[in-house]
Amino acid sequence: MTLAIIEDEPAVRREITYLVEQESDVELIGWADTVRTARKLITEKVPDVILMDIQLRDGTAFDLLAKLEPIPQHIIFITAYNHFAIKAIKFGALDYLLKPIDQSELNEALGRYRRKSENNPQWMQQLALTQQSMDQGTLPEHIVLNTLNNSRIVAVDDIVYCKGDGPYTFFFLNDGSQQLISKPLKYYEELLPAPHFLRTHQSYLVNKKYVSGVSRSEYIILKNNEEIPISTRRKNSILNLLFPNK
């Protein structure tokens with residue numbers, strides 16, 4: 001596969017170049033450090049994969065993408081640790097690497113590209129969702145759920161509860177459907193924070209909007225009459241969040 005690096009920090013760029021050169025089936029076809037030079041590189045070389053820093057010297061990755069036609073899909077974003085930026089990227093279910101980049105993480109990211117066999121029809125929506133979140137400084141109203149077979153954009157308000165099962169999470173939605181995602185519940189607990197979502201139990205994350213009551217301080221009763229367990233050690237904090245004036 002051919003790969004381009006869009007990164008404005010020379011030291012980081014040299015490190016990424018070294019890591020990419022360790023990949024036997026990857027050909028590095030160029031690098032750029034500005035929106036202007038990156039646009040020229042991508043348009044002329046059309047790389048299979050682009051490693052792209054979110055913040056460039058003369059703009060952002062989204063400024064660059066707005067100038068490209070068509071917008072490439074196989075982008076792996078690069079970012080320094082920025083809690084909000086990472087949350088925005090995760091909401092859009094976009095691929096990213098955190099600086100300093102690790103060889104094994106780069107290999108895994110490239111491996112995900114190797115396994116992709118077709119274009120993602122929701123790519124533009126995922127990109128727009130992430131960009132909107134970053135531009136407005138608020139977390140978006142939708143989240144992208146990547147299953148084995150497709151990507152589904154779901155309104156956060158439509159999530160009734162999540163159930164963890166080891167490395168997997170089941171999403172139960174208000175239309176009665178379910179989605180199985182190959183990420184642990186803790187991953188989504190960080191994206192869907194209290195007080196809107198309550199971690200009632202090791203295996204459950206519940207949308208407060210759908211809670212109708214509590215039974216014996218042991219179960220949360222949902223509006224659809226389902227019962228969700230409350231763990232003993234979480235009981236007091238959950239009751240305080242649900243009934244703050246009592």
# chains A, B, ... in the order shown; residues from 1 in each chain; ligands from 1
$ residues_around --residues "segment 184-186 of chain A" --least-positions-apart "5" --cutoff "8 Å" --atoms "only C-alpha atoms" --output "list of chain:residue names"
A:Cys162, A:Lys163, A:Gly164, A:Asp165, A:Gly166, A:Pro167, A:Tyr168, A:Thr169, A:Ser203, A:Tyr204, A:Leu205
$ write_last_selection --atoms "C-alpha atoms" --output "PDB file, in the first residue's frame"
ATOM      1  CA  CYS A 162     -25.513  -0.694  27.431  1.00  0.00           C
ATOM      2  CA  LYS A 163     -24.540  -4.114  28.712  1.00  0.00           C
ATOM      3  CA  GLY A 164     -20.908  -5.171  28.887  1.00  0.00           C
ATOM      4  CA  ASP A 165     -19.773  -8.718  28.184  1.00  0.00           C
ATOM      5  CA  GLY A 166     -15.991  -8.907  28.443  1.00  0.00           C
ATOM      6  CA  PRO A 167     -14.482  -7.197  25.386  1.00  0.00           C
ATOM      7  CA  TYR A 168     -17.958  -6.561  23.899  1.00  0.00           C
ATOM      8  CA  THR A 169     -20.802  -4.129  24.548  1.00  0.00           C
ATOM      9  CA  SER A 203     -21.961  -4.770  33.411  1.00  0.00           C
ATOM     10  CA  TYR A 204     -24.502  -1.964  32.912  1.00  0.00           C
ATOM     11  CA  LEU A 205     -24.550   1.657  31.769  1.00  0.00           C
TER      12      LEU A 205
END
$ closest_residue --among "A:Arg152, A:Lys116, A:Lys87, A:Lys99" --to "Glu189 of chain A" --atoms "only C-alpha atoms"
A:Lys87
$ residues_around --residues "segment 33-36 of chain A" --least-positions-apart "4" --cutoff "9 Å" --atoms "only C-alpha atoms" --output "PyMOL selection string"
chain A and resi 5-10+40-41+56-61+63-65+67
$ write_last_selection --atoms "C-alpha atoms" --output "PDB file, in the first residue's frame"
ATOM      1  CA  ILE A   5       2.376  11.548   6.158  1.00  0.00           C
ATOM      2  CA  ILE A   6       0.779  14.924   6.938  1.00  0.00           C
ATOM      3  CA  GLU A   7       2.581  16.234  10.026  1.00  0.00           C
ATOM      4  CA  ASP A   8       4.119  19.624  10.837  1.00  0.00           C
ATOM      5  CA  GLU A   9       6.437  18.620  13.696  1.00  0.00           C
ATOM      6  CA  PRO A  10       9.794  17.499  12.187  1.00  0.00           C
ATOM      7  CA  LYS A  40      -0.993  19.028  -3.640  1.00  0.00           C
ATOM      8  CA  LEU A  41       0.564  15.780  -2.405  1.00  0.00           C
ATOM      9  CA  LEU A  56      -1.235  21.768  11.038  1.00  0.00           C
ATOM     10  CA  ARG A  57       0.783  24.955  10.715  1.00  0.00           C
ATOM     11  CA  ASP A  58      -1.763  26.767   8.552  1.00  0.00           C
ATOM     12  CA  GLY A  59      -5.029  25.110   9.557  1.00  0.00           C
ATOM     13  CA  THR A  60      -6.586  21.825  10.587  1.00  0.00           C
ATOM     14  CA  ALA A  61      -7.052  18.430   8.998  1.00  0.00           C
ATOM     15  CA  ASP A  63      -9.629  22.516   6.507  1.00  0.00           C
ATOM     16  CA  LEU A  64      -7.554  20.252   4.281  1.00  0.00           C
ATOM     17  CA  LEU A  65     -10.316  17.710   3.731  1.00  0.00           C
ATOM     18  CA  LYS A  67     -10.360  21.284  -0.177  1.00  0.00           C
TER      19      LYS A  67
END
$ select_by_dssp --residues "segment 104-233 of chain A" --states "alpha helix (DSSP H)" --output "PyMOL selection string"
chain A and resi 104-115+123-136+185-191
$ residues_around --residues "Pro140 of chain A" --least-positions-apart "4" --cutoff "8 Å" --atoms "only C-alpha atoms" --output "PyMOL selection string"
chain A and resi 88+91+129-130+132-133
